[in-house]
Each structure stands twice: as C-alpha cells, then as structure tokens.
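Quick look at model-v8.csv (CSV, C-alpha atoms):
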```csv
chain,number,residue,atom,x,y,z
G,1161,MET,CA,74.5,91.6,122.5
G,1162,LYS,CA,72.3,88.6,122.2
G,1163,GLU,CA,73.3,85.0,122.9
G,1164,MET,CA,74.0,82.4,120.3
G,1165,SER,CA,72.2,79.2,119.5
G,1166,ARG,CA,72.4,75.9,121.4
G,1167,ILE,CA,75.0,74.3,119.2
G,1168,VAL,CA,77.5,77.1,119.7
G,1169,LYS,CA,77.0,77.0,123.4
G,1170,THR,CA,77.5,73.3,123.6
G,1171,VAL,CA,80.8,73.4,121.6
G,1172,THR,CA,82.0,76.4,123.7
G,1173,ASN,CA,81.4,74.4,126.9
G,1174,PHE,CA,83.5,71.6,125.6
G,1175,VAL,CA,86.4,73.6,124.0
G,1176,TYR,CA,87.2,76.6,126.3
G,1177,GLY,CA,89.0,74.4,128.9
G,1178,PHE,CA,91.5,73.0,126.3
G,1179,ILE,CA,92.2,76.5,125.0
G,1180,ILE,CA,93.1,77.8,128.5
G,1181,ILE,CA,95.3,74.8,129.3
G,1182,PHE,CA,97.1,75.2,125.9
G,1183,GLY,CA,97.7,78.8,126.7
G,1184,PHE,CA,99.3,78.0,130.0
G,1185,TYR,CA,101.5,75.4,128.4
G,1186,ILE,CA,102.8,78.0,126.0
G,1187,ILE,CA,103.5,80.5,128.9
G,1188,ALA,CA,105.3,77.9,131.1
G,1189,HIS,CA,107.6,76.5,128.4
G,1190,GLY,CA,108.7,79.9,127.1
G,1191,HIS,CA,112.4,79.3,127.6
G,1192,LEU,CA,112.5,76.0,125.6
G,1193,THR,CA,110.1,76.2,122.7
G,1194,PRO,CA,108.8,79.2,120.6
G,1195,GLY,CA,106.4,81.2,122.7
G,1196,GLY,CA,106.6,83.0,126.0
G,1197,GLY,CA,104.6,85.4,128.1
G,1198,PHE,CA,103.0,87.6,125.4
G,1199,GLN,CA,102.0,84.9,123.0
G,1200,GLY,CA,100.5,82.6,125.7
G,1201,GLY,CA,98.6,85.5,127.3
G,1202,ALA,CA,97.0,86.3,123.9
G,1203,VAL,CA,95.9,82.7,123.5
G,1204,VAL,CA,94.2,82.6,126.9
G,1205,GLY,CA,92.6,86.1,126.2
G,1206,SER,CA,91.0,84.7,123.1
G,1207,ALA,CA,89.3,82.0,125.2
G,1208,PHE,CA,87.7,84.8,127.2
G,1209,ALA,CA,86.5,86.5,124.0
G,1210,LEU,CA,85.0,83.2,122.9
G,1211,LEU,CA,83.0,82.8,126.1
G,1212,LEU,CA,81.8,86.4,125.8
G,1213,VAL,CA,80.7,86.1,122.2
G,1214,SER,CA,78.8,82.8,122.6
G,1215,TYR,CA,76.9,83.6,125.8
G,1216,GLY,CA,76.0,87.3,125.2
G,1217,SER,CA,77.2,90.2,127.2
G,1218,LEU,CA,74.4,90.2,129.8
G,1219,ASN,CA,74.7,86.5,130.7
G,1220,SER,CA,78.5,86.4,130.9
G,1221,THR,CA,78.8,88.9,133.7
G,1222,LYS,CA,77.7,86.0,136.0
G,1223,PHE,CA,81.0,84.2,135.6
G,1224,LEU,CA,83.5,86.8,134.2
G,1225,LYS,CA,83.9,89.6,136.7
G,1226,LYS,CA,85.9,92.7,135.9
G,1227,ASP,CA,87.3,93.3,139.4
G,1228,ILE,CA,89.1,90.0,139.6
G,1229,PHE,CA,90.8,90.6,136.2
G,1230,SER,CA,91.9,94.1,137.3
G,1231,LEU,CA,93.4,92.7,140.5
G,1232,PHE,CA,95.4,90.0,138.6
G,1233,GLU,CA,96.7,92.6,136.1
G,1234,SER,CA,98.1,94.9,138.8
G,1235,PHE,CA,99.6,91.8,140.6
G,1236,GLY,CA,101.3,90.7,137.4
G,1237,LEU,CA,103.0,94.1,136.8
G,1238,ILE,CA,104.1,94.4,140.4
G,1239,LEU,CA,105.6,90.9,140.3
G,1240,PHE,CA,107.6,91.9,137.1
G,1241,ILE,CA,109.0,95.0,138.8
G,1242,VAL,CA,109.9,93.1,142.0
G,1243,LEU,CA,111.8,90.6,139.9
G,1244,GLY,CA,113.7,93.4,138.2
G,1245,PHE,CA,114.7,95.0,141.5
G,1246,SER,CA,115.9,91.8,143.2
G,1247,GLY,CA,119.1,91.6,141.1
G,1248,LEU,CA,120.1,95.0,142.2
G,1249,GLY,CA,123.4,93.9,143.8
G,1250,ILE,CA,125.1,94.1,140.3
G,1251,THR,CA,122.6,95.9,138.0
G,1252,PHE,CA,118.9,96.4,137.4
G,1253,PHE,CA,117.3,93.3,135.7
G,1254,TYR,CA,120.3,91.0,136.4
G,1255,ASN,CA,119.7,87.3,136.0
G,1256,PHE,CA,120.7,86.2,139.5
G,1257,LEU,CA,119.3,82.7,139.3
G,1258,ALA,CA,121.1,81.5,136.1
G,1259,ASN,CA,123.8,78.8,136.5
G,1260,SER,CA,123.5,78.7,140.3
G,1261,GLY,CA,122.2,75.8,142.3
G,1262,GLY,CA,119.0,77.4,143.3
G,1263,TRP,CA,115.4,77.4,142.0
G,1264,PHE,CA,115.7,77.4,138.2
G,1265,GLY,CA,119.4,77.1,138.1
G,1266,ASN,CA,120.8,74.2,136.1
G,1267,ALA,CA,123.3,75.0,133.4
G,1268,ALA,CA,122.1,74.2,129.9
G,1269,VAL,CA,124.0,71.8,127.7
G,1270,ILE,CA,125.8,73.7,125.0
G,1271,GLY,CA,124.6,72.9,121.5
G,1272,VAL,CA,121.5,71.0,120.3
G,1273,ASN,CA,119.7,69.2,123.2
G,1274,PRO,CA,116.2,68.2,124.3
G,1275,GLY,CA,115.3,70.9,126.7
G,1276,ASP,CA,115.5,70.7,130.5
G,1277,MET,CA,112.7,72.5,132.3
G,1278,ASN,CA,114.9,73.4,135.3
G,1279,THR,CA,117.1,75.8,133.4
G,1280,GLY,CA,116.7,79.5,132.6
G,1281,GLY,CA,117.2,81.5,135.7
G,1282,VAL,CA,114.7,84.3,136.3
G,1283,ILE,CA,113.2,84.0,132.7
G,1284,PRO,CA,110.4,81.5,133.5
G,1285,LEU,CA,109.2,83.7,136.5
G,1286,MET,CA,109.2,86.7,134.2
G,1287,ASN,CA,107.2,84.7,131.6
G,1288,ILE,CA,104.5,83.9,134.2
G,1289,ALA,CA,104.3,87.5,135.4
G,1290,VAL,CA,103.9,89.0,131.9
G,1291,GLY,CA,101.5,86.2,130.9
G,1292,LEU,CA,99.3,87.0,133.9
G,1293,GLU,CA,99.3,90.7,133.0
G,1294,VAL,CA,98.4,90.1,129.3
G,1295,LEU,CA,95.5,87.7,129.9
G,1296,SER,CA,94.0,90.1,132.4
G,1297,ALA,CA,94.4,93.0,130.1
G,1298,PHE,CA,92.5,91.1,127.3
G,1299,GLY,CA,89.7,90.3,129.7
G,1300,VAL,CA,89.3,93.8,131.0
G,1301,ILE,CA,89.3,95.4,127.5
G,1302,VAL,CA,86.8,93.0,126.0
G,1303,LEU,CA,84.4,93.1,128.9
G,1304,THR,CA,84.5,96.9,129.2
G,1305,MET,CA,83.8,97.4,125.5
G,1306,ALA,CA,81.0,94.9,125.4
G,1307,SER,CA,79.2,96.4,128.4
G,1308,GLY,CA,79.8,99.9,127.0
G,1309,ALA,CA,78.2,99.0,123.7
G,1310,GLU,CA,74.9,98.5,125.5
G,1311,PHE,CA,74.4,102.1,126.3
G,1312,THR,CA,75.7,103.6,123.1
G,1313,LYS,CA,72.7,102.6,121.1
G,1314,LYS,CA,71.3,105.3,118.9
G,1315,LYS,CA,68.9,107.6,120.7
G,1316,GLU,CA,66.0,109.3,118.9
G,1317,LYS,CA,67.1,112.6,117.4
G,1318,SER,CA,64.8,115.2,118.8
I,1099,MET,CA,89.0,119.2,92.8
I,1100,LYS,CA,90.4,118.0,96.1
I,1101,LYS,CA,90.1,114.4,95.1
I,1102,ILE,CA,92.3,115.0,92.0
I,1103,ILE,CA,95.1,116.6,94.0
I,1104,PHE,CA,94.9,113.8,96.6
I,1105,GLY,CA,95.1,111.2,93.8
I,1106,ILE,CA,98.1,112.7,92.1
I,1107,ALA,CA,100.0,113.0,95.5
I,1108,PHE,CA,99.1,109.4,96.3
I,1109,ILE,CA,100.4,108.1,93.0
I,1110,ILE,CA,103.7,110.0,93.3
I,1111,PHE,CA,104.3,108.8,96.8
I,1112,PHE,CA,103.4,105.2,95.9
I,1113,SER,CA,105.8,105.2,92.9
I,1114,PHE,CA,108.6,106.4,95.2
I,1115,LEU,CA,107.9,103.4,97.5
I,1116,ILE,CA,107.8,100.8,94.7
I,1117,VAL,CA,111.1,102.0,93.1
I,1118,SER,CA,112.9,101.9,96.5
I,1119,ALA,CA,111.5,98.4,97.3
I,1120,VAL,CA,112.8,97.0,94.0
I,1121,ASN,CA,116.2,98.4,94.4
I,1122,MET,CA,116.9,97.4,97.9
I,1123,ARG,CA,119.6,94.9,99.1
I,1124,THR,CA,119.0,91.3,98.0
I,1125,PHE,CA,116.7,89.4,100.2
I,1126,GLY,CA,118.6,87.1,102.6
I,1127,GLU,CA,121.9,88.8,103.1
I,1128,PRO,CA,121.9,91.1,106.2
I,1129,ALA,CA,124.5,93.9,106.2
I,1130,PHE,CA,125.8,93.9,109.8
I,1131,SER,CA,125.4,90.9,112.0
I,1132,GLU,CA,128.2,91.0,114.6
I,1133,MET,CA,125.8,91.7,117.6
I,1134,ASP,CA,123.5,88.8,116.6
I,1135,ASP,CA,126.4,86.4,116.1
I,1136,TYR,CA,127.5,87.2,119.7
I,1137,PHE,CA,123.9,86.5,120.9
I,1138,ILE,CA,123.7,83.2,119.1
I,1139,GLU,CA,127.1,82.0,120.4
I,1140,ASN,CA,126.8,83.0,124.0
I,1141,ALA,CA,123.1,83.0,125.0
I,1142,GLN,CA,123.1,79.4,126.2
I,1143,ARG,CA,126.2,79.7,128.3
I,1144,GLU,CA,125.3,83.0,130.0
I,1145,THR,CA,121.5,82.8,130.6
I,1146,GLY,CA,120.9,79.0,130.5
I,1147,ALA,CA,117.8,79.2,128.2
I,1148,ASN,CA,117.5,77.3,124.9
I,1149,ASN,CA,115.3,80.0,123.3
I,1150,VAL,CA,117.6,82.8,122.1
I,1151,VAL,CA,114.7,85.2,121.3
I,1152,THR,CA,113.2,84.9,124.8
I,1153,SER,CA,116.6,85.5,126.4
I,1154,ILE,CA,117.0,88.6,124.3
I,1155,VAL,CA,113.5,89.9,125.3
I,1156,PHE,CA,113.8,89.2,129.0
I,1157,ASP,CA,117.5,89.2,129.8
I,1158,TYR,CA,119.7,91.2,127.4
I,1159,ARG,CA,117.0,93.8,126.7
I,1160,GLY,CA,114.7,93.5,129.7
I,1161,PHE,CA,114.3,97.3,130.0
I,1162,ASP,CA,112.3,97.5,126.7
I,1163,THR,CA,109.9,94.8,128.0
I,1164,LEU,CA,109.3,96.9,131.2
I,1165,GLY,CA,108.4,99.9,129.0
I,1166,GLU,CA,106.0,97.7,126.9
I,1167,ALA,CA,104.3,96.3,130.0
I,1168,THR,CA,103.7,99.8,131.2
I,1169,VAL,CA,102.2,100.9,127.8
I,1170,LEU,CA,99.8,97.9,127.9
I,1171,PHE,CA,98.7,98.8,131.5
I,1172,THR,CA,98.2,102.5,130.5
I,1173,ALA,CA,96.0,101.5,127.6
I,1174,VAL,CA,93.8,99.4,129.9
I,1175,VAL,CA,93.5,102.4,132.3
I,1176,GLY,CA,92.6,104.7,129.4
I,1177,VAL,CA,89.8,102.3,128.1
I,1178,VAL,CA,88.3,102.0,131.6
I,1179,ALA,CA,88.4,105.7,132.2
I,1180,LEU,CA,86.6,106.4,128.9
I,1181,PHE,CA,83.7,104.2,129.8
I,1182,ARG,CA,83.2,105.5,133.3
I,1183,GLY,CA,80.3,107.7,134.2
I,1184,VAL,CA,77.5,105.7,132.6
I,1185,LYS,CA,74.2,105.7,134.6
I,1186,LYS,CA,72.0,102.7,134.1
D,691,MET,CA,112.1,91.8,91.0
D,692,ILE,CA,111.1,88.3,92.0
D,693,GLY,CA,113.9,88.1,94.5
D,694,ASN,CA,112.7,91.1,96.4
D,695,LEU,CA,109.0,90.0,96.6
D,696,PRO,CA,108.7,90.4,100.4
D,697,TYR,CA,109.7,94.0,100.2
D,698,VAL,CA,107.1,94.6,97.4
D,699,ALA,CA,104.5,93.0,99.7
D,700,VAL,CA,105.4,95.4,102.5
D,701,VAL,CA,105.0,98.3,100.1
D,702,ILE,CA,101.6,97.1,99.0
D,703,PHE,CA,100.4,96.9,102.6
D,704,ILE,CA,101.6,100.4,103.4
D,705,GLY,CA,100.1,101.8,100.2
D,706,LEU,CA,96.7,100.3,100.8
D,707,GLY,CA,96.8,101.6,104.4
D,708,ILE,CA,97.6,105.2,103.2
D,709,TYR,CA,94.9,105.0,100.5
D,710,THR,CA,92.3,104.0,103.2
D,711,LEU,CA,93.4,106.9,105.4
D,712,MET,CA,93.2,109.5,102.7
D,713,PHE,CA,90.1,108.6,100.8
D,714,LYS,CA,87.5,107.1,103.2
D,715,LYS,CA,85.1,108.9,105.5
D,716,ASN,CA,83.8,106.3,108.0
D,717,LEU,CA,85.6,106.2,111.3
D,718,ILE,CA,85.8,102.4,111.4
D,719,LYS,CA,87.4,102.3,108.0
D,720,ILE,CA,90.0,104.9,109.2
D,721,ALA,CA,90.8,102.6,112.1
D,722,ILE,CA,91.3,99.7,109.7
D,723,GLY,CA,93.7,101.8,107.7
D,724,VAL,CA,95.8,102.5,110.8
D,725,VAL,CA,95.9,98.8,111.6
D,726,LEU,CA,97.1,98.0,108.0
D,727,ILE,CA,100.0,100.4,108.2
D,728,GLU,CA,101.1,99.1,111.6
D,729,ASN,CA,101.0,95.5,110.4
D,730,GLY,CA,103.0,96.4,107.2
D,731,VAL,CA,105.8,97.9,109.4
D,732,ASN,CA,105.9,94.7,111.6
D,733,LEU,CA,106.3,92.6,108.5
D,734,PHE,CA,109.1,94.8,107.2
D,735,LEU,CA,111.0,94.4,110.5
D,736,ILE,CA,111.1,90.7,110.4
D,737,THR,CA,112.0,90.4,106.8
D,738,LEU,CA,115.1,92.4,107.4
D,739,GLY,CA,116.8,89.7,109.5
D,740,TYR,CA,116.7,86.7,107.2
D,741,ARG,CA,119.6,84.6,106.2
D,742,LYS,CA,119.3,82.3,103.2
D,743,GLY,CA,118.9,78.6,104.2
D,744,ALA,CA,118.9,79.2,107.9
D,745,ILE,CA,116.7,77.8,110.7
D,746,ALA,CA,114.8,79.4,113.6
D,747,PRO,CA,117.1,80.6,116.5
D,748,ILE,CA,116.1,77.9,119.0
D,749,TYR,CA,118.4,75.1,120.3
D,750,THR,CA,115.8,72.6,121.4
D,751,GLN,CA,116.0,69.6,119.0
D,752,ALA,CA,117.2,71.6,116.1
D,753,PRO,CA,119.0,69.9,113.1
D,754,SER,CA,122.7,70.4,114.0
D,755,GLY,CA,125.3,72.3,112.0
D,756,GLN,CA,123.1,74.9,110.4
D,757,ALA,CA,123.2,78.7,110.5
D,758,MET,CA,120.5,80.6,112.4
D,759,VAL,CA,118.4,83.6,111.5
D,760,LEU,CA,119.1,87.0,113.3
D,761,PRO,CA,117.1,87.0,116.5
D,762,THR,CA,117.1,90.7,117.4
D,763,PRO,CA,114.4,92.0,114.9
D,764,GLN,CA,112.0,89.3,116.2
D,765,ALA,CA,112.4,90.6,119.7
D,766,LEU,CA,111.6,94.2,118.6
D,767,THR,CA,108.6,93.0,116.6
D,768,LEU,CA,107.1,91.5,119.7
D,769,THR,CA,107.1,94.8,121.5
D,770,SER,CA,105.6,96.5,118.4
D,771,ILE,CA,102.7,94.1,118.2
D,772,VAL,CA,101.7,94.8,121.8
D,773,ILE,CA,101.8,98.5,121.2
D,774,GLY,CA,99.6,98.0,118.2
D,775,ILE,CA,97.0,96.3,120.5
D,776,ALA,CA,97.0,99.3,122.8
D,777,THR,CA,96.5,101.7,119.8
D,778,THR,CA,93.6,99.7,118.3
D,779,ALA,CA,91.8,99.4,121.6
D,780,LEU,CA,92.0,103.2,122.3
D,781,ILE,CA,91.0,104.3,118.8
D,782,LEU,CA,87.9,102.0,118.8
D,783,SER,CA,86.9,103.3,122.3
D,784,VAL,CA,87.1,106.9,121.1
D,785,ALA,CA,85.0,106.0,118.0
D,786,MET,CA,82.3,104.5,120.3
D,787,MET,CA,82.2,107.6,122.4
D,788,ILE,CA,81.9,109.8,119.3
D,789,TYR,CA,78.9,107.7,118.1
D,790,LYS,CA,77.3,108.1,121.5
D,791,HIS,CA,77.7,111.9,121.5
D,792,TYR,CA,76.9,112.8,117.8
D,793,GLY,CA,74.7,109.9,116.6
D,794,THR,CA,76.7,109.4,113.4
D,795,LEU,CA,80.1,108.1,112.4
D,796,ASP,CA,80.7,110.2,109.3
D,797,THR,CA,83.7,112.6,109.7
D,798,ASP,CA,82.1,115.4,107.6
D,799,GLU,CA,79.1,115.6,109.9
D,800,VAL,CA,81.2,115.3,113.1
D,801,ARG,CA,83.1,118.4,112.1
D,802,ARG,CA,80.1,120.5,111.4
D,803,LEU,CA,77.8,119.8,114.3
D,804,LYS,CA,78.7,121.7,117.5
D,805,GLY,CA,77.5,119.7,120.5
```
Final structure tokens representation of the file:
Amino acid sequence: MKEMSRIVKTVTNFVYGFIIIFGFYIIAHGHLTPGGGFQGGAVVGSAFALLLVSYGSLNSTKFLKKDIFSLFESFGLILFIVLGFSGLGITFFYNFLANSGGWFGNAAVIGVNPGDMNTGGVIPLMNIAVGLEVLSAFGVIVLTMASGAEFTKKKEKS
Amino acid sequence: MKKIIFGIAFIIFFSFLIVSAVNMRTFGEPAFSEMDDYFIENAQRETGANNVVTSIVFDYRGFDTLGEATVLFTAVVGVVALFRGVKK
Amino acid sequence: MIGNLPYVAVVIFIGLGIYTLMFKKNLIKIAIGVVLIENGVNLFLITLGYRKGAIAPIYTQAPSGQAMVLPTPQALTLTSIVIGIATTALILSVAMMIYKHYGTLDTDEVRRLKG
C-alpha cells in the first residue's frame, strides 16, 4: 500500500511513543486498576498498526521485522506456562507468591484502599507474559496480511 | 422463489427472539449470585490483588486463560501458514 | 419494554447479523455478519450480570459501602473477545486466498468455476 502525506507522518512520529508507553502502563498496573494483559496488549498492537498504515507496507519493513515479533510471542507463551508449573507443589496454577514475604508478596489492606504496587502474588508476572504475547500476535498478523496483499492483486484473465 | 422462503423464515425466527427478549427477567436482578458473593468477599484476602476481575481471570480460573492463549497462538500460526509459498 | 432495553438491543444485533449472513453474496459482507453476531453475544454476556445501583468490582479508591456488580461474566467475556479476534483474522485471510485463486469475491461465481 502507498504511504500517506507529510502531515500524517509527522503526527505519527510524535504520537506513537506515547501510545506504547500508555499500553505498558495498562499492562503493569493490571492488579490495581481496570486493565490487565489482554487490554494493554491490544493498545500497543494498535500503535504498530498506526505505524504500518502511515508509512506504507514497503517502507515499514525497515523498522518492523516479523522474526523479532515471532520470537517474543513464543517467549511470552513459554513464560506463562512456566509460571503455571512453578506452583506444582500444591496444584497447577497455584498462587505461591501471594501473602508471603517474597517478590510481589505484601498483603493487601481489606476494604477500600489506594493501591499498593507490591501486592498481587504471581498475577503481575502473568500480566506481563500475556501482554507480551498479545502485542506480538497483533504485530505478526498485521504485517503478514499487509505484505500478503501485495501479491494478491488481480491478474489479467487470460 | 428462494428469497421469499428465506424472508418468511427470517421473520418467524426474529419474532421468536423479540418475544423472548421482552419477557425475560427484569434487568438488574441476577438469579443466582452465591459464587460471585464469595469472590467479592474473599478475593482480597486470598490473592492480595485489588482488582477482582483480574484475580478471577488469572488465579481462580487460570486454566481458561491458558486455553485462550493457546487459541491466539494457533490463529497466528494459521495466518502465517496460509501466506507462505509466495515467490517474489 | 423500556426496562428490558439492553436485551432488545442484543436481539437487534443478532438479527442484523443473521440477515447479513442469509441475504448477501460478497465474502467481505459475510465476514462482517459473523463479527456482528459475535459482538451481540458478548454484549448479552455482560448485561446478564448487572445489579441495580452497584459499582465496578474494583477496590482501589472506590466509594465505600456500595454493592458490586457480578465479576464472573466479565472474565468470560474477555476470553470470548480474544477468540473473536482469532476467528476474524482467519476468515479474512481465507477470503484473500480465494480472491487470489479465482479473481472474484462473489460466492455464486466461486461455486461454479472449477480451478
């Protein structure tokens, strides 16, 4: 597809960093505010779609590569499964970090409170794994379909 | 001829849906809520997260989330496999 | 009938989706019909779990002493939305491959030409 005009490219250069940072904020605070892994991954994926649309599918392969996205997606899914297996002393998917003294292990105050980032157990780590997988899935799907539309142009009917 | 049969079947099916939507339970009074009352009471003490929906998705029902991540991965593998085999 | 207006909206979504599936011939319009039905079902799931005058089920800086909405249908709708993404991506990719092979997107022609 062709690239867009100079105004669109200038605004995209200014805005796409803020969209990516906002998406990572939604992923990281998933256990305190509305949001989480899937919603934040969709926001970051829409930033990649904005870059692809405003620069054209031939120019954007210079800075968006399919192999790195595929690697991050596999890494995200493997991290999610490893987090499921590591609580296997009691059951599969056991929250072994909640209410202990360890990494994300403070106990939450019962009732209404301003949130503490250090709570939650294994839930913030699962949020990061699923968010990584969803944003890479968006990148791979959009890039593959855009480069596939180049060769499905209508040929001459003989 | 086929369009008339399709049209009559669609109108009958749509009238069934409208009648059952108007006669449903009143909006705002759920029928059974014992499981959700347990989740709202005890999610902060057992998991330590303030967000009850996230603790249901990742802690009480984490197995469904594993299935959903696998479905998304399989869809991406399917899309890449369909567009393979193009020669420039 | 005014009290049950969300359920009537769900029925209108599903009715429009089934109309598009039955009466249209272009493949992209059929894909839009599938997406409409799937979005109507998601809306139905989250309107089942509403309590009158309640707030969202999150404890961070919530007004104290109020009832909360049921959180389980919202968790199931998250899974359903992601499965809808997978379905839409695959149906659009198959439509692109049909266009490459046959040269047209009309379902009457696709049935008759034998490649």
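Considering only C-alpha atoms, the residue among D:Lys714, D:Arg741, D:Arg802, D:Lys790 positioned nearest to Phe1104 of chain I is D:Lys714.
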- Task: Could the residues of chain I within 8 Å of chain D, counting all atoms listed in the file, be given as a PyMOL selection string, please?
- Result: chain I and resi 1104+1108+1112+1115-1116+1119-1120+1122+1124-1128+1131+1134-1135+1138+1148-1152+1154-1155+1162-1163+1166+1169-1170+1173-1174+1176-1177+1180
Using only C-alpha atoms, find each residue in chain G having at least one atom no more than 12 Å away from chain D; report its shortest atom-to-atom pair and that distance in Å (one decimal), rows by chain then rising number, as JSON lines.
```
{"residue": "G:His1189", "atom": "CA", "partner": "D:Thr750", "partner_atom": "CA", "distance": 11.5}
{"residue": "G:Gly1190", "atom": "CA", "partner": "D:Ile748", "partner_atom": "CA", "distance": 11.2}
{"residue": "G:His1191", "atom": "CA", "partner": "D:Ile748", "partner_atom": "CA", "distance": 9.5}
{"residue": "G:Leu1192", "atom": "CA", "partner": "D:Thr750", "partner_atom": "CA", "distance": 6.3}
{"residue": "G:Thr1193", "atom": "CA", "partner": "D:Thr750", "partner_atom": "CA", "distance": 6.9}
{"residue": "G:Pro1194", "atom": "CA", "partner": "D:Ile748", "partner_atom": "CA", "distance": 7.6}
{"residue": "G:Gly1195", "atom": "CA", "partner": "D:Leu768", "partner_atom": "CA", "distance": 10.8}
{"residue": "G:Gly1196", "atom": "CA", "partner": "D:Leu768", "partner_atom": "CA", "distance": 10.6}
{"residue": "G:Gly1197", "atom": "CA", "partner": "D:Leu768", "partner_atom": "CA", "distance": 10.7}
{"residue": "G:Phe1198", "atom": "CA", "partner": "D:Leu768", "partner_atom": "CA", "distance": 8.0}
{"residue": "G:Gln1199", "atom": "CA", "partner": "D:Leu768", "partner_atom": "CA", "distance": 9.0}
{"residue": "G:Gly1201", "atom": "CA", "partner": "D:Val772", "partner_atom": "CA", "distance": 11.2}
{"residue": "G:Ala1202", "atom": "CA", "partner": "D:Val772", "partner_atom": "CA", "distance": 9.9}
{"residue": "G:Ala1268", "atom": "CA", "partner": "D:Tyr749", "partner_atom": "CA", "distance": 10.3}
{"residue": "G:Val1269", "atom": "CA", "partner": "D:Tyr749", "partner_atom": "CA", "distance": 9.8}
{"residue": "G:Ile1270", "atom": "CA", "partner": "D:Tyr749", "partner_atom": "CA", "distance": 8.9}
{"residue": "G:Gly1271", "atom": "CA", "partner": "D:Tyr749", "partner_atom": "CA", "distance": 6.7}
{"residue": "G:Val1272", "atom": "CA", "partner": "D:Tyr749", "partner_atom": "CA", "distance": 5.1}
{"residue": "G:Asn1273", "atom": "CA", "partner": "D:Thr750", "partner_atom": "CA", "distance": 5.5}
{"residue": "G:Pro1274", "atom": "CA", "partner": "D:Thr750", "partner_atom": "CA", "distance": 5.3}
{"residue": "G:Gly1275", "atom": "CA", "partner": "D:Thr750", "partner_atom": "CA", "distance": 5.6}
{"residue": "G:Asp1276", "atom": "CA", "partner": "D:Thr750", "partner_atom": "CA", "distance": 9.3}
{"residue": "G:Met1277", "atom": "CA", "partner": "D:Thr750", "partner_atom": "CA", "distance": 11.3}
{"residue": "G:Val1290", "atom": "CA", "partner": "D:Val772", "partner_atom": "CA", "distance": 11.9}
{"residue": "G:Val1294", "atom": "CA", "partner": "D:Val772", "partner_atom": "CA", "distance": 9.4}
{"residue": "G:Ala1297", "atom": "CA", "partner": "D:Ala776", "partner_atom": "CA", "distance": 10.0}
{"residue": "G:Phe1298", "atom": "CA", "partner": "D:Ile775", "partner_atom": "CA", "distance": 9.7}
{"residue": "G:Val1300", "atom": "CA", "partner": "D:Ala779", "partner_atom": "CA", "distance": 11.2}
{"residue": "G:Ile1301", "atom": "CA", "partner": "D:Ala779", "partner_atom": "CA", "distance": 7.6}
{"residue": "G:Val1302", "atom": "CA", "partner": "D:Ala779", "partner_atom": "CA", "distance": 9.2}
{"residue": "G:Thr1304", "atom": "CA", "partner": "D:Ser783", "partner_atom": "CA", "distance": 9.7}
{"residue": "G:Met1305", "atom": "CA", "partner": "D:Ser783", "partner_atom": "CA", "distance": 7.4}
{"residue": "G:Ala1306", "atom": "CA", "partner": "D:Ser783", "partner_atom": "CA", "distance": 10.7}
{"residue": "G:Ser1307", "atom": "CA", "partner": "D:Met786", "partner_atom": "CA", "distance": 11.9}
{"residue": "G:Gly1308", "atom": "CA", "partner": "D:Met786", "partner_atom": "CA", "distance": 8.5}
{"residue": "G:Ala1309", "atom": "CA", "partner": "D:Met786", "partner_atom": "CA", "distance": 7.7}
{"residue": "G:Glu1310", "atom": "CA", "partner": "D:Lys790", "partner_atom": "CA", "distance": 10.7}
{"residue": "G:Phe1311", "atom": "CA", "partner": "D:Lys790", "partner_atom": "CA", "distance": 8.2}
{"residue": "G:Thr1312", "atom": "CA", "partner": "D:Lys790", "partner_atom": "CA", "distance": 5.0}
{"residue": "G:Lys1313", "atom": "CA", "partner": "D:Lys790", "partner_atom": "CA", "distance": 7.2}
{"residue": "G:Lys1314", "atom": "CA", "partner": "D:Gly793", "partner_atom": "CA", "distance": 6.2}
{"residue": "G:Lys1315", "atom": "CA", "partner": "D:Gly793", "partner_atom": "CA", "distance": 7.5}
{"residue": "G:Glu1316", "atom": "CA", "partner": "D:Gly793", "partner_atom": "CA", "distance": 9.0}
{"residue": "G:Lys1317", "atom": "CA", "partner": "D:Gly793", "partner_atom": "CA", "distance": 8.1}
{"residue": "G:Ser1318", "atom": "CA", "partner": "D:Gly793", "partner_atom": "CA", "distance": 11.4}
```
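Atom CA of Thr1172 of chain I lies 14.8 Å from atom CA of Phe1235 of chain G.
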- Task: Residues of chain I near chain G: apply a cut-off of 8 Å, count only C-alpha atoms, and supply the list as a list in words.
- Result: Gln1142, Arg1143, Glu1144, Thr1145, Gly1146, Ala1147, Asn1148, Asn1149, Thr1152, Ser1153, Phe1156, Asp1157, Gly1160, Phe1161, Leu1164, Ala1167, Leu1170, Phe1171, Val1174, Val1177, Val1178, Phe1181 and Val1184 of chain I
Convert the current residue selection to file output with C-alpha atoms, as a PDB file, in the coordinates of the input.
```pdb
ATOM      1  CA  GLN I1142     123.100  79.400 126.200  1.00  0.00           C
ATOM      2  CA  ARG I1143     126.200  79.700 128.300  1.00  0.00           C
ATOM      3  CA  GLU I1144     125.300  83.000 130.000  1.00  0.00           C
ATOM      4  CA  THR I1145     121.500  82.800 130.600  1.00  0.00           C
ATOM      5  CA  GLY I1146     120.900  79.000 130.500  1.00  0.00           C
ATOM      6  CA  ALA I1147     117.800  79.200 128.200  1.00  0.00           C
ATOM      7  CA  ASN I1148     117.500  77.300 124.900  1.00  0.00           C
ATOM      8  CA  ASN I1149     115.300  80.000 123.300  1.00  0.00           C
ATOM      9  CA  THR I1152     113.200  84.900 124.800  1.00  0.00           C
ATOM     10  CA  SER I1153     116.600  85.500 126.400  1.00  0.00           C
ATOM     11  CA  PHE I1156     113.800  89.200 129.000  1.00  0.00           C
ATOM     12  CA  ASP I1157     117.500  89.200 129.800  1.00  0.00           C
ATOM     13  CA  GLY I1160     114.700  93.500 129.700  1.00  0.00           C
ATOM     14  CA  PHE I1161     114.300  97.300 130.000  1.00  0.00           C
ATOM     15  CA  LEU I1164     109.300  96.900 131.200  1.00  0.00           C
ATOM     16  CA  ALA I1167     104.300  96.300 130.000  1.00  0.00           C
ATOM     17  CA  LEU I1170      99.800  97.900 127.900  1.00  0.00           C
ATOM     18  CA  PHE I1171      98.700  98.800 131.500  1.00  0.00           C
ATOM     19  CA  VAL I1174      93.800  99.400 129.900  1.00  0.00           C
ATOM     20  CA  VAL I1177      89.800 102.300 128.100  1.00  0.00           C
ATOM     21  CA  VAL I1178      88.300 102.000 131.600  1.00  0.00           C
ATOM     22  CA  PHE I1181      83.700 104.200 129.800  1.00  0.00           C
ATOM     23  CA  VAL I1184      77.500 105.700 132.600  1.00  0.00           C
TER      24      VAL I1184
END
```
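The interatomic distance for the pair atom CA of Gly1183 of chain G and atom CA of Leu1211 of chain G works out to 15.2 Å.
One distance worth recording is that between atom CA of Asn1140 of chain I and atom CA of Ser1260 of chain G, which is 17.2 Å.
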